Every structure is written in structure tokens, then in C-alpha cells.
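Containing PDB, C-alpha atoms: work-v2.pdb.
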```pdb
ATOM      1  CA  TRP B   1      -3.998  96.799  11.540
ATOM      2  CA  LEU B   2      -0.592  95.979  12.913
ATOM      3  CA  ASN B   3       2.002  98.318  14.332
ATOM      4  CA  GLY B   4       5.234  96.427  14.950
ATOM      5  CA  LEU B   5       7.761  98.139  17.180
ATOM      6  CA  HIS B   6      11.128  96.913  18.378
ATOM      7  CA  ALA B   7      11.504  96.823  22.159
ATOM      8  CA  THR B   8      14.040  99.360  23.392
ATOM      9  CA  SER B   9      13.749  98.581  27.095
ATOM     10  CA  ASP B  10      12.949  95.679  29.398
ATOM     11  CA  LYS B  11       9.429  94.491  30.205
ATOM     12  CA  VAL B  12       9.289  96.241  33.586
ATOM     13  CA  VAL B  13      10.126  99.611  32.046
ATOM     14  CA  ARG B  14       7.770  99.090  29.094
ATOM     15  CA  SER B  15       4.878  98.215  31.413
ATOM     16  CA  THR B  16       5.363 101.206  33.751
ATOM     17  CA  GLU B  17       2.610 103.395  32.277
ATOM     18  CA  LEU B  18       0.198 100.455  32.121
ATOM     19  CA  ARG B  19       0.935  99.613  35.770
ATOM     20  CA  LYS B  20       0.273 103.226  36.768
ATOM     21  CA  GLY B  21      -3.028 103.257  34.864
ATOM     22  CA  TRP B  22      -4.056  99.865  36.271
ATOM     23  CA  ASN B  23      -3.238 100.823  39.855
ATOM     24  CA  LEU B  24      -5.162 104.109  39.473
ATOM     25  CA  GLY B  25      -8.215 102.170  38.247
ATOM     26  CA  ASN B  26      -7.975 103.556  34.703
ATOM     27  CA  VAL B  27      -7.712 100.133  33.063
ATOM     28  CA  LEU B  28     -11.065  98.414  33.186
ATOM     29  CA  VAL B  29     -12.096  94.844  32.444
ATOM     30  CA  PRO B  30     -15.590  93.498  31.744
ATOM     31  CA  ALA B  31     -17.777  92.658  34.730
ATOM     32  CA  LYS B  32     -19.000  89.089  35.141
ATOM     33  CA  ASP B  33     -22.469  90.055  33.889
ATOM     34  CA  SER B  34     -21.091  91.698  30.734
ATOM     35  CA  PRO B  35     -21.459  89.898  27.387
ATOM     36  CA  TYR B  36     -17.729  90.590  26.893
ATOM     37  CA  TYR B  37     -16.728  88.748  30.066
ATOM     38  CA  GLY B  38     -14.965  85.440  29.590
ATOM     39  CA  PRO B  39     -12.277  83.239  31.098
ATOM     40  CA  TRP B  40      -9.684  85.598  29.610
ATOM     41  CA  VAL B  41     -10.526  88.185  32.308
ATOM     42  CA  GLU B  42      -9.435  85.900  35.151
ATOM     43  CA  GLU B  43      -6.367  84.839  33.154
ATOM     44  CA  LEU B  44      -5.432  88.485  32.550
ATOM     45  CA  GLU B  45      -5.844  89.347  36.233
ATOM     46  CA  GLN B  46      -3.769  86.326  37.279
ATOM     47  CA  GLU B  47      -0.937  87.221  34.909
ATOM     48  CA  PHE B  48      -0.963  90.860  36.045
ATOM     49  CA  ARG B  49      -0.909  89.772  39.679
ATOM     50  CA  VAL B  50       2.227  87.611  39.345
ATOM     51  CA  PHE B  51       4.084  89.644  36.702
ATOM     52  CA  THR B  52       7.664  90.537  37.635
ATOM     53  CA  GLY B  53       9.071  91.300  34.185
ATOM     54  CA  VAL B  54      12.082  89.082  34.818
ATOM     55  CA  GLY B  55      11.912  85.644  33.242
ATOM     56  CA  ASP B  56       8.189  85.185  33.861
ATOM     57  CA  ALA B  57       6.826  81.944  32.405
ATOM     58  CA  HIS B  58       3.681  83.810  31.335
ATOM     59  CA  ASP B  59       3.897  87.433  30.277
ATOM     60  CA  ASP B  60       2.373  87.562  26.802
ATOM     61  CA  ILE B  61      -0.860  89.107  28.064
ATOM     62  CA  VAL B  62       1.055  91.859  29.860
ATOM     63  CA  ASP B  63       3.105  92.470  26.697
ATOM     64  CA  GLY B  64      -0.005  92.714  24.534
ATOM     65  CA  VAL B  65      -1.983  94.909  26.913
ATOM     66  CA  THR B  66       1.081  97.148  27.358
ATOM     67  CA  ALA B  67       1.265  97.653  23.585
ATOM     68  CA  LEU B  68      -2.477  98.367  23.363
ATOM     69  CA  PHE B  69      -2.342 100.766  26.324
ATOM     70  CA  ASP B  70       0.585 102.627  24.748
ATOM     71  CA  GLU B  71      -1.295 102.932  21.440
ATOM     72  CA  LEU B  72      -4.402 104.249  23.152
ATOM     73  CA  GLN B  73      -2.358 106.756  25.171
ATOM     74  CA  SER B  74      -0.641 108.001  22.016
ATOM     75  CA  GLY B  75      -3.931 109.002  20.393
ATOM     76  CA  SER B  76      -4.482 105.910  18.278
ATOM     77  CA  SER B  77      -7.656 105.771  16.207
ATOM     78  CA  PHE B  78      -8.551 102.410  17.793
ATOM     79  CA  VAL B  79     -12.094 102.408  19.174
ATOM     80  CA  ALA B  80     -12.829  99.852  21.878
ATOM     81  CA  PRO B  81     -16.334  98.366  22.181
ATOM     82  CA  LYS B  82     -18.558  99.681  24.954
ATOM     83  CA  VAL B  83     -18.504  97.340  27.930
ATOM     84  CA  THR B  84     -19.889  97.245  31.421
ATOM     85  CA  PRO B  85     -16.643  97.979  33.265
ATOM     86  CA  ARG B  86     -15.629  97.046  36.752
ATOM     87  CA  ARG B  87     -12.508  97.814  38.655
ATOM     88  CA  SER B  88     -10.412  94.694  39.022
ATOM     89  CA  ARG B  89     -10.166  93.307  42.522
ATOM     90  CA  TYR B  90      -6.432  93.175  41.805
ATOM     91  CA  ALA B  91      -6.224  96.822  40.745
ATOM     92  CA  GLY B  92      -3.668  97.679  43.414
ATOM     93  CA  GLY B  93      -1.524  94.639  42.908
ATOM     94  CA  PHE B  94      -0.166  94.658  39.377
ATOM     95  CA  GLY B  95       3.098  92.747  39.536
ATOM     96  CA  GLY B  96       3.577  93.556  43.179
ATOM     97  CA  PHE B  97       4.272  97.185  42.305
TER      98      PHE B  97
END
```

What's the C-alpha cells form of this structure?
Amino acid sequence: WLNGLHATSDKVVRSTELRKGWNLGNVLVPAKDSPYYGPWVEELEQEFRVFTGVGDAHDDIVDGVTALFDELQSGSSFVAPKVTPRRSRYAGGFGGF
């Protein structure tokens, strides 16, 4: 399943709803003891922490998670696997916002 959309705004604007959800603790990542945990969790948190939306060397994870978050918020039929969630220790620091 692929839903390609053309960007109509910059990365900061597109990630606004994701940043709000992340900072409210509504975006969860697997805990270290979860079978879904992997090195990608730390990489995701690192990219979120340093994201500015302006010429970032690494922003593909933010772009992808933004698209997924938008789909889930729009009532997509996507069903995520059950995981043991934990609030990220960086939950209040997405991109310095």
C-alpha cells in the first residue's frame, strides 16, 4: 500500500501535528524489553531531537513518521502491531519545539 502525496508546505509545517502528538506523549515507541525494540528507536529519537526542518542532513525518519502520523490521524485503515510502549525520554524535545 502506497499513498504518494506532493508536499504543499515545508517540513516544519508538515511536521506540526506530529510534533504536537509527540510532545503530548501520544506517539509511542517500543520499550527496550519489547520484541519490537531495535537500534531504529534510538536513531528515531536522535533525529527527532535535532530536527529543525531547515536543511537538516538527516530528516527522512521525520518525513516518514510525519506521513504515517497524518495517515493514522485521517482514519486510515492501517493497523499497527501491539507493542509494549514507553514514553520517549525526548518526548518534550522534538526539534527544539

Checklist entry - Distance atom CA of Tyr37 of chain B-atom CA of Arg14 of chain B, one decimal place? => result 26.6 Å

Checklist entry - For the atom pair atom CA of Gln46 of chain B and atom CA of Asn23 of chain B, what is the interatomic distance in Å to one decimal place? => result 14.7 Å

Checklist entry - Using the chain letters and numbers from the file, which residues does the PyMOL selection byres ((chain B and resi 54-62) around 9) grab, as a list in words? => result Asp10, Lys11, Val12, Ser15, Leu18, Glu43, Leu44, Glu47, Phe48, Val50, Phe51, Thr52, Gly53, Asp63, Gly64, Val65, Thr66 and Ala67 of chain B

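Shortest atom-to-atom contact with Thr16 of chain B among B:Phe69, B:Val29, B:Ser34, B:Ser74: B:Phe69, counting all atoms listed in the file.
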
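Nearest-residue note for Gln73 of chain B: choosing from B:Glu17, B:Glu42, B:Asp33, B:Arg49, the minimum distance belongs to B:Glu17, counting all atoms listed in the file.
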
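Picture a line from atom CA of Gly75 of chain B to atom CA of Pro39 of chain B; it runs 29.1 Å.
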
Axis-aligned box for segment 20-38 of chain B, 3 Å per side, centre and edges in Å as lines of an AutoDock Vina configuration file:
```
center_x = -11.1
center_y = 94.8
center_z = 33.4
size_x = 28.7
size_y = 24.7
size_z = 19.0
```
